[in-house]
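Data from data-v9.txt: compact mmCIF, C-alpha atoms
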# COMPACT_ATOMS: atom_id res chain seq x y z
CA MET A 1 -19.90 6.85 16.87
CA LEU A 2 -22.49 4.07 17.10
CA ASP A 3 -23.86 4.91 13.63
CA LEU A 4 -20.35 4.88 12.22
CA LYS A 5 -19.71 1.45 13.76
CA ARG A 6 -22.90 0.13 12.21
CA ALA A 7 -21.96 1.57 8.83
CA VAL A 8 -18.55 -0.06 8.98
CA LEU A 9 -19.93 -3.44 10.00
CA ALA A 10 -22.65 -3.25 7.36
CA SER A 11 -20.03 -2.47 4.74
CA ALA A 12 -17.94 -5.42 5.87
CA SER A 13 -20.90 -7.77 5.46
CA VAL A 14 -21.74 -6.71 1.90
CA LEU A 15 -18.33 -6.18 0.32
CA ALA A 16 -17.64 -9.10 -2.01
CA LEU A 17 -13.93 -9.81 -2.34
CA VAL A 18 -12.72 -10.57 -5.85
CA ALA A 19 -10.38 -13.58 -5.66
CA SER A 20 -7.10 -12.60 -7.31
CA ALA A 21 -4.12 -14.84 -7.79
CA GLN A 22 -0.92 -13.78 -6.08
CA GLU A 23 1.43 -12.17 -8.60
CA THR A 24 5.07 -13.29 -8.53
CA GLY A 25 6.52 -11.33 -11.43
CA THR A 26 7.58 -12.41 -14.90
CA GLY A 27 9.67 -15.33 -13.71
CA SER A 28 12.89 -13.82 -15.02
CA CYS A 29 15.20 -11.24 -13.44
CA THR A 30 14.23 -7.64 -14.06
CA ASP A 31 16.03 -4.36 -13.40
CA VAL A 32 13.45 -3.40 -10.77
CA HIS A 33 11.28 -5.75 -8.70
CA VAL A 34 8.51 -4.39 -6.46
CA PHE A 35 7.17 -6.22 -3.40
CA LEU A 36 3.65 -5.24 -2.26
CA SER A 37 2.18 -5.81 1.21
CA ARG A 38 -1.56 -5.15 1.06
CA GLY A 39 -3.99 -3.74 3.61
CA ASN A 40 -6.18 -5.86 5.88
CA ASN A 41 -8.81 -7.90 4.02
CA GLU A 42 -7.70 -6.61 0.59
CA PRO A 43 -7.38 -9.07 -2.29
CA TYR A 44 -4.07 -9.05 -4.15
CA PRO A 45 -2.68 -6.53 -4.99
CA GLY A 46 -5.10 -4.20 -3.21
CA ARG A 47 -5.07 -0.44 -3.70
CA GLN A 48 -1.37 -0.38 -4.55
CA GLY A 49 -1.94 -1.44 -8.16
CA LYS A 50 -1.87 2.24 -9.18
CA LEU A 51 1.43 2.66 -7.39
CA VAL A 52 3.07 -0.17 -9.35
CA GLN A 53 1.98 1.45 -12.60
CA ALA A 54 3.51 4.75 -11.47
CA ILE A 55 6.78 3.07 -10.48
CA CYS A 56 7.16 0.85 -13.55
CA SER A 57 6.04 3.43 -16.10
CA GLY A 58 9.13 4.39 -18.09
CA VAL A 59 11.34 1.75 -16.48
CA ASP A 60 12.79 -0.64 -19.07
CA SER A 61 12.43 -3.81 -17.02
CA CYS A 62 10.10 -3.81 -14.03
CA ASP A 63 7.64 -6.20 -12.40
CA TYR A 64 6.04 -6.86 -9.01
CA GLU A 65 5.32 -9.56 -6.48
CA ASP A 66 2.75 -9.78 -3.71
CA ILE A 67 3.95 -10.70 -0.24
CA ALA A 68 1.84 -13.80 0.40
CA PHE A 69 -0.07 -13.95 3.68
CA ASP A 70 -3.66 -14.46 4.76
CA ASN A 71 -5.00 -11.25 6.29
CA ALA A 72 -8.72 -11.79 5.80
CA LEU A 73 -11.05 -10.07 8.24
CA GLU A 74 -11.57 -13.20 10.34
CA VAL A 75 -7.84 -13.90 10.73
CA GLU A 76 -6.29 -12.65 13.98
CA TYR A 77 -4.49 -9.40 13.27
CA CYS A 78 -1.19 -10.35 14.90
CA SER A 79 -0.92 -13.79 13.34
CA ALA A 80 -1.48 -12.20 9.92
CA VAL A 81 1.21 -9.57 10.55
CA GLU A 82 3.75 -12.17 11.66
CA ALA A 83 2.91 -14.43 8.72
CA GLY A 84 3.41 -11.47 6.40
CA ARG A 85 6.73 -10.56 8.00
CA LYS A 86 8.05 -14.10 7.64
CA ALA A 87 6.82 -14.43 4.07
CA GLY A 88 8.25 -11.04 3.14
CA VAL A 89 11.70 -11.83 4.49
CA ASP A 90 11.68 -15.22 2.76
CA GLN A 91 10.46 -13.84 -0.57
CA ILE A 92 12.87 -10.89 -0.60
CA THR A 93 15.78 -13.15 0.34
CA ALA A 94 14.88 -15.76 -2.30
CA TYR A 95 14.49 -13.20 -5.06
CA ASN A 96 17.79 -11.54 -4.19
CA LYS A 97 19.59 -14.87 -4.34
CA LYS A 98 18.08 -15.56 -7.76
CA CYS A 99 18.56 -12.01 -9.09
CA PRO A 100 21.39 -10.39 -7.07
CA ASP A 101 21.68 -7.36 -9.38
CA THR A 102 18.00 -6.39 -9.31
CA GLN A 103 17.02 -3.22 -7.47
CA LEU A 104 14.30 -3.98 -4.93
CA VAL A 105 11.34 -1.79 -3.94
CA VAL A 106 9.12 -2.67 -0.97
CA SER A 107 5.77 -1.02 -0.29
CA GLY A 108 3.10 -1.57 2.35
CA TYR A 109 -0.29 -0.07 3.11
CA SER A 110 -2.09 -0.01 6.50
CA GLN A 111 -1.63 -3.47 8.05
CA GLY A 112 0.73 -4.18 5.16
CA ALA A 113 2.77 -1.14 6.16
CA GLN A 114 3.23 -2.67 9.60
CA VAL A 115 4.45 -5.84 7.87
CA VAL A 116 7.00 -3.88 5.82
CA GLY A 117 8.10 -1.93 8.89
CA ASP A 118 8.63 -5.19 10.77
CA ILE A 119 10.62 -6.61 7.84
CA LEU A 120 12.93 -3.62 7.87
CA GLY A 121 13.12 -2.59 11.52
CA GLY A 122 12.05 -5.69 13.41
CA GLY A 123 8.71 -6.60 14.96
CA GLY A 124 7.07 -7.42 18.23
CA GLY A 125 4.48 -5.90 20.53
CA THR A 126 0.85 -5.85 21.61
CA PHE A 127 -1.82 -4.72 19.18
CA PHE A 128 -5.56 -4.95 18.49
CA GLN A 129 -7.60 -6.79 21.15
CA GLY A 130 -4.43 -7.55 23.09
CA CYS A 131 -2.89 -9.85 20.47
CA THR A 132 0.91 -10.03 20.37
CA THR A 133 3.67 -10.64 17.86
CA PRO A 134 7.11 -12.00 18.80
CA SER A 135 10.24 -9.87 18.98
CA THR A 136 12.17 -10.25 15.74
CA ALA A 137 15.15 -8.55 14.14
CA GLY A 138 14.86 -6.55 10.93
CA LEU A 139 16.96 -6.84 7.80
CA ASP A 140 20.50 -5.49 7.79
CA PRO A 141 20.75 -2.50 5.43
CA LYS A 142 24.47 -3.18 4.92
CA SER A 143 24.19 -6.77 3.69
CA ALA A 144 22.03 -8.73 1.24
CA PRO A 145 19.15 -8.60 0.75
CA GLY A 146 18.72 -5.40 2.78
CA ASN A 147 21.37 -3.52 0.84
CA LYS A 148 19.51 -4.18 -2.42
CA ILE A 149 16.39 -2.35 -1.23
CA VAL A 150 16.61 1.01 -3.00
CA ALA A 151 13.17 2.30 -1.94
CA ALA A 152 10.73 1.39 0.84
CA LEU A 153 7.29 3.00 1.12
CA LEU A 154 4.77 3.04 3.97
CA PHE A 155 1.21 4.38 3.62
CA GLY A 156 -1.26 4.78 6.49
CA ASP A 157 0.98 2.73 8.78
CA THR A 158 -0.61 1.44 11.99
CA ARG A 159 2.84 1.85 13.61
CA HIS A 160 3.57 5.32 12.24
CA THR A 161 5.87 7.17 14.64
CA ALA A 162 5.93 10.95 14.95
CA ASP A 163 8.80 13.20 13.87
CA GLN A 164 10.91 10.68 11.97
CA PRO A 165 13.22 11.93 9.18
CA PHE A 166 11.45 9.78 6.59
CA ASN A 167 7.91 11.00 7.43
CA SER A 168 5.92 13.04 4.94
CA LEU A 169 2.56 14.86 4.71
CA ALA A 170 0.67 16.56 7.54
CA GLY A 171 0.60 13.41 9.68
CA ALA A 172 4.37 13.48 10.09
CA LYS A 173 4.12 14.98 13.58
CA TYR A 174 1.54 12.51 14.94
CA ASN A 175 1.82 8.98 16.28
CA GLY A 176 -0.23 6.16 14.83
CA LEU A 177 -2.15 3.61 16.85
CA PHE A 178 0.98 1.66 17.83
CA PRO A 179 4.12 3.80 17.40
CA ARG A 180 7.52 2.14 17.36
CA THR A 181 10.12 2.64 20.08
CA GLY A 182 13.55 1.36 21.04
CA GLU A 183 15.38 -1.11 18.84
CA GLN A 184 12.53 -1.32 16.33
CA LEU A 185 12.62 2.41 15.70
CA THR A 186 16.42 2.35 15.51
CA GLY A 187 16.25 -0.52 13.03
CA LEU A 188 13.75 1.31 10.86
CA ASN A 189 15.88 4.46 10.90
CA ALA A 190 18.79 2.41 9.57
CA PHE A 191 16.87 2.48 6.26
CA ASP A 192 16.02 6.20 6.45
CA ASP A 193 17.90 7.08 3.26
CA VAL A 194 15.65 4.76 1.21
CA LEU A 195 12.44 5.05 3.27
CA ARG A 196 9.42 7.34 3.04
CA ASP A 197 6.28 7.19 5.17
CA TRP A 198 3.10 8.86 3.85
CA CYS A 199 0.56 9.81 6.53
CA GLN A 200 -2.28 12.28 6.03
CA GLY A 201 -2.92 14.57 8.96
CA ASP A 202 -6.39 13.29 9.79
CA ASP A 203 -5.90 9.61 8.99
CA PRO A 204 -7.47 7.74 11.96
CA ILE A 205 -4.85 4.97 11.76
CA CYS A 206 -1.42 6.55 11.18
CA ALA A 207 -2.26 9.93 12.74
CA ALA A 208 -4.46 8.77 15.61
CA GLY A 209 -2.39 10.67 18.16
CA ASP A 210 -3.98 10.60 21.59
CA GLY A 211 -7.41 9.98 20.09
CA SER A 212 -8.73 13.46 20.83
CA ARG A 213 -8.39 14.89 17.29
CA ASN A 214 -11.05 14.75 14.59
CA THR A 215 -10.13 12.26 11.88
CA VAL A 216 -11.53 11.37 8.46
CA THR A 217 -11.79 7.68 7.56
CA GLU A 218 -11.65 8.48 3.82
CA HIS A 219 -8.14 9.81 4.32
CA HIS A 220 -6.97 6.36 5.28
CA LEU A 221 -8.41 5.03 2.02
CA ASN A 222 -7.36 7.41 -0.74
CA TYR A 223 -3.54 7.43 -0.66
CA PHE A 224 -3.16 5.83 -4.06
CA ASP A 225 -5.74 8.07 -5.69
CA VAL A 226 -3.84 11.13 -4.53
CA TYR A 227 -0.16 10.21 -4.12
CA SER A 228 0.70 7.40 -6.56
CA GLY A 229 2.31 9.83 -9.00
CA SER A 230 4.52 11.54 -6.45
CA ALA A 231 5.43 8.24 -4.81
CA GLY A 232 6.36 6.78 -8.19
CA ASP A 233 8.57 9.77 -8.94
CA TRP A 234 10.26 9.45 -5.55
CA VAL A 235 11.03 5.78 -6.24
CA LYS A 236 12.45 6.69 -9.65
CA SER A 237 14.69 9.25 -7.98
CA LYS A 238 16.08 6.38 -5.92
CA LEU A 239 16.53 4.31 -9.06
CA GLY A 240 18.39 7.15 -10.73
CA LYS A 241 15.52 7.70 -13.15
CA THR A 242 14.24 11.09 -14.26
CA SER A 243 10.50 11.50 -14.49
CA SER A 244 8.84 13.34 -17.35
CA PRO A 245 7.99 17.07 -16.87
CA SER A 246 4.25 16.36 -16.84
CA SER A 247 4.69 13.55 -14.34
CA SER A 248 6.86 15.69 -12.09
CA SER A 249 4.41 18.54 -12.22
CA SER A 250 1.39 16.43 -11.38
CA SER A 251 3.17 14.49 -8.65
CA SER A 252 4.56 17.62 -7.06
CA SER A 253 1.07 19.05 -6.97
CA ALA A 254 -0.26 15.85 -5.43
CA GLU A 255 2.44 15.77 -2.75
CA GLU A 256 1.46 19.28 -1.70
CA THR A 257 -2.29 18.52 -1.71
CA SER A 258 -3.93 19.64 1.49
CA THR A 259 -6.32 17.49 3.48
CA THR A 260 -9.18 19.59 2.13
CA ALA A 261 -8.14 18.96 -1.45
CA ALA A 262 -7.84 15.27 -0.74
CA THR A 263 -11.40 15.32 0.55
CA SER A 264 -12.58 16.93 -2.66
CA SER A 265 -10.76 14.32 -4.74
CA ALA A 266 -12.21 11.46 -2.75
CA THR A 267 -15.70 12.88 -2.88
CA SER A 268 -15.64 13.28 -6.65
CA ALA A 269 -14.77 9.60 -7.00
CA THR A 270 -17.73 8.47 -4.89
CA PRO A 271 -20.98 7.55 -6.69
CA THR A 272 -24.16 9.27 -5.61
CA SER A 273 -26.38 6.26 -6.17
CA THR A 274 -27.09 3.63 -3.54
CA GLY A 275 -28.27 0.05 -3.59
CA ASP A 276 -26.69 -3.30 -4.29
CA ALA A 277 -23.06 -3.57 -5.24
CA THR A 278 -22.42 -3.09 -8.95
CA THR A 279 -19.66 -4.27 -11.25
CA SER A 280 -17.90 -2.08 -13.78
CA SER A 281 -15.19 -2.93 -16.26
CA ALA A 282 -12.43 -0.98 -17.94
CA SER A 283 -10.24 -1.73 -20.92
CA VAL A 284 -6.68 -0.85 -20.04
CA PRO A 285 -4.03 -0.58 -22.77
CA ILE A 286 -0.68 -1.82 -21.51
CA THR A 287 2.58 -2.11 -23.42
CA VAL A 288 4.43 -5.26 -22.47
CA SER A 289 7.62 -7.01 -23.48
CA ALA A 290 7.92 -8.90 -26.76
CA SER A 291 7.63 -12.21 -24.93
CA LEU A 292 4.23 -11.17 -23.60
CA PRO A 293 2.25 -10.00 -26.67
CA ILE A 294 -0.71 -8.47 -24.88
CA THR A 295 -2.00 -5.09 -25.99
CA THR A 296 -5.28 -4.67 -24.15
CA LEU A 297 -6.57 -6.23 -20.97
CA THR A 298 -10.00 -5.98 -19.38
CA THR A 299 -10.68 -6.20 -15.69
CA SER A 300 -13.74 -5.98 -13.48
CA MET A 301 -14.10 -4.61 -10.00
CA THR A 302 -16.83 -4.68 -7.41
CA THR A 303 -18.17 -1.30 -6.34
CA PRO A 304 -19.46 -0.95 -2.75
CA PRO A 305 -23.20 -0.31 -2.55
CA SER A 306 -23.21 3.21 -1.14
CA PRO A 307 -21.01 6.25 -0.44
CA SER A 308 -21.11 5.35 3.26
CA SER A 309 -19.11 2.15 2.75
CA GLU A 310 -15.47 2.08 3.80
CA GLY A 311 -13.96 1.27 0.42
CA PRO A 312 -13.59 3.84 -2.37
CA ALA A 313 -16.35 3.47 -4.94
CA PRO A 314 -15.48 4.79 -8.39
CA THR A 315 -18.09 4.35 -11.10
CA ASP A 316 -15.51 4.12 -13.86
CA VAL A 317 -11.79 3.82 -14.45
CA THR A 318 -9.92 5.93 -17.00
CA PRO A 319 -7.59 3.86 -19.20
CA VAL A 320 -3.98 4.48 -18.18
CA PRO A 321 -1.53 3.88 -21.06
CA LEU A 322 2.07 3.16 -20.18
CA PRO A 323 4.57 5.11 -22.29
CA SER A 324 5.63 3.62 -25.60
CA PRO A 325 7.96 2.29 -26.95
CA VAL A 326 9.52 1.51 -23.56
CA PRO A 327 8.22 -1.92 -22.50
CA THR A 328 7.21 -2.80 -18.98
CA GLN A 329 7.24 -6.46 -18.07
CA VAL A 330 3.83 -7.03 -16.53
CA PRO A 331 2.28 -10.49 -17.04
CA GLU A 332 -1.34 -10.76 -18.10
CA ALA A 333 -2.73 -11.69 -14.70
CA GLY A 334 -0.64 -9.02 -13.03
CA ALA A 335 -1.60 -6.31 -15.51
CA ALA A 336 -5.27 -7.04 -15.02
CA ALA A 337 -4.82 -7.01 -11.26
CA LEU A 338 -3.01 -3.68 -11.39
CA THR A 339 -6.11 -1.92 -12.67
CA SER A 340 -8.18 -3.27 -9.79
CA SER A 341 -6.78 -0.77 -7.31
CA MET A 342 -10.22 0.46 -6.28
CA LEU A 343 -11.01 -2.69 -4.32
CA PRO A 344 -12.72 -3.12 -0.93
CA LEU A 345 -10.48 -2.09 1.95
CA GLY A 346 -9.84 -4.58 4.67
CA LEU A 347 -11.98 -3.28 7.47
CA GLY A 348 -10.42 -5.21 10.33
CA ALA A 349 -8.08 -2.47 11.50
CA LEU A 350 -10.71 0.24 11.12
CA VAL A 351 -13.40 -1.78 12.89
CA SER A 352 -11.04 -2.53 15.75
CA PHE A 353 -10.01 1.09 15.97
CA LEU A 354 -13.62 2.29 16.13
CA PHE A 355 -14.45 -0.12 18.93
CA LEU A 356 -11.33 0.72 20.86
CA ALA A 357 -12.01 4.42 20.46
CA ALA A 358 -15.59 4.21 21.65
In structure tokens, how does this file's structure come out?
Amino acid sequence: MLDLKRAVLASASVLALVASAQETGTGSCTDVHVFLSRGNNEPYPGRQGKLVQAICSGVDSCDYEDIAFDNALEVEYCSAVEAGRKAGVDQITAYNKKCPDTQLVVSGYSQGAQVVGDILGGGGGTFFQGCTTPSTAGLDPKSAPGNKIVAALLFGDTRHTADQPFNSLAGAKYNGLFPRTGEQLTGLNAFDDVLRDWCQGDDPICAAGDGSRNTVTEHHLNYFDVYSGSAGDWVKSKLGKTSSPSSSSSSSSAEETSTTAATSSATSATPTSTGDATTSSASVPITVSASLPITTLTTSMTTPPSPSSEGPAPTDVTPVPLPSPVPTQVPEAGAAALTSSMLPLGLGALVSFLFLAA
């Protein structure tokens, strides 16, 4: 355990965050608007960039917006969560007032999943290092803007609660570090027809249980490498969209992937070399609307220095073309950010968990 703590802290000290501007969509109303709530210490949009591509692919008019809050490693966990909850409610409400006919999708990962859960079901409680958040009510699923949320996604949620109807994967039967109870759980279940919670069975955050089970840190990090396709298809089912046969096949396979298979996938994406952090770039062809004549965008990402670091460390990124001729409204800055899904994970929650578990 001590060696693992040292590895985590060493990784935290060497990971260089790439400053990314918060994305707020195209500026006009779209058919589908996605809100992202990123993991602790992740730059915008964090690992969920792949998910946005999976959701918007094949959708005529689709863009995304980051929920804006400071959740850097040095920021107190609870103050970041509450800031995210407030910002999320304000941003969702403002967008709905501007674009009342747009279908809304909300997604959160790790600490960001707690933020989304608090937005929907209400927040409040005691968390890492005894910090607290105030008791707050969640959105009403029967009135705006809550009734415009057609899909809500949680991944690796710190507040994952066992045996809920919206749970999926092998972690469905386990509690996370801070499971919900009472009114918060009731409030979250009010959205159960549009909510899905992904939790791998040995994720140390969402499937911590009583702390006696063996867990695999990598399985808190690789959700969007493994499940973006199936999650995107699920969202499209809520939008009334039909995914392509190839997409359905691959996503169905991913949804059924065992923990062992996920390990294999994660391992194959990890470089074998060690040393200083390196930077790789990828040219990503993206079809955009006529008002945004961009055909190819290039982005760079920082790769952690060794396979022992907490963040996933791919050595390359395969170009991911969106289907043509259907346009997807993704602005230049947003499209570039979408490809940077392999970015350093915020280590705050994991570091805290390792110390608490010692």
Query raised in the report: Quick one: of A:Ala54, A:Gln91, A:Ala151, A:Ile205, who's nearest to Gly240 of chain A, counting all atoms listed in the file?
Result: A:Ala151
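In terms of minimum interatomic distance to Val194 of chain A, A:Trp234 ranks closest within A:Phe224, A:Trp234, A:Tyr77, A:Phe69, counting all atoms listed in the file.
Distances here use only C-alpha atoms; by that measure, the residue among A:Ala113, A:Ala162, A:Leu188, A:Val106 closest to Asp140 of chain A is A:Leu188.
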Report task. Within 9 Å of Pro165 of chain A, counting all atoms listed in the file, which residues show up once you throw out same-chain ones fewer than 3 positions away? Write them as a PyMOL selection string, please. Result -> chain A and resi 168+189+192-193+196
Query raised in the report: Which polymer residues have any atom within 9 Å of an atom of Glu82 of chain A, counting all atoms listed in the file, with same-chain residues fewer than 2 positions away left out, as a ChimeraX atom specification?
Result: /A:77-80,84-87,115,118,123-124,133-134
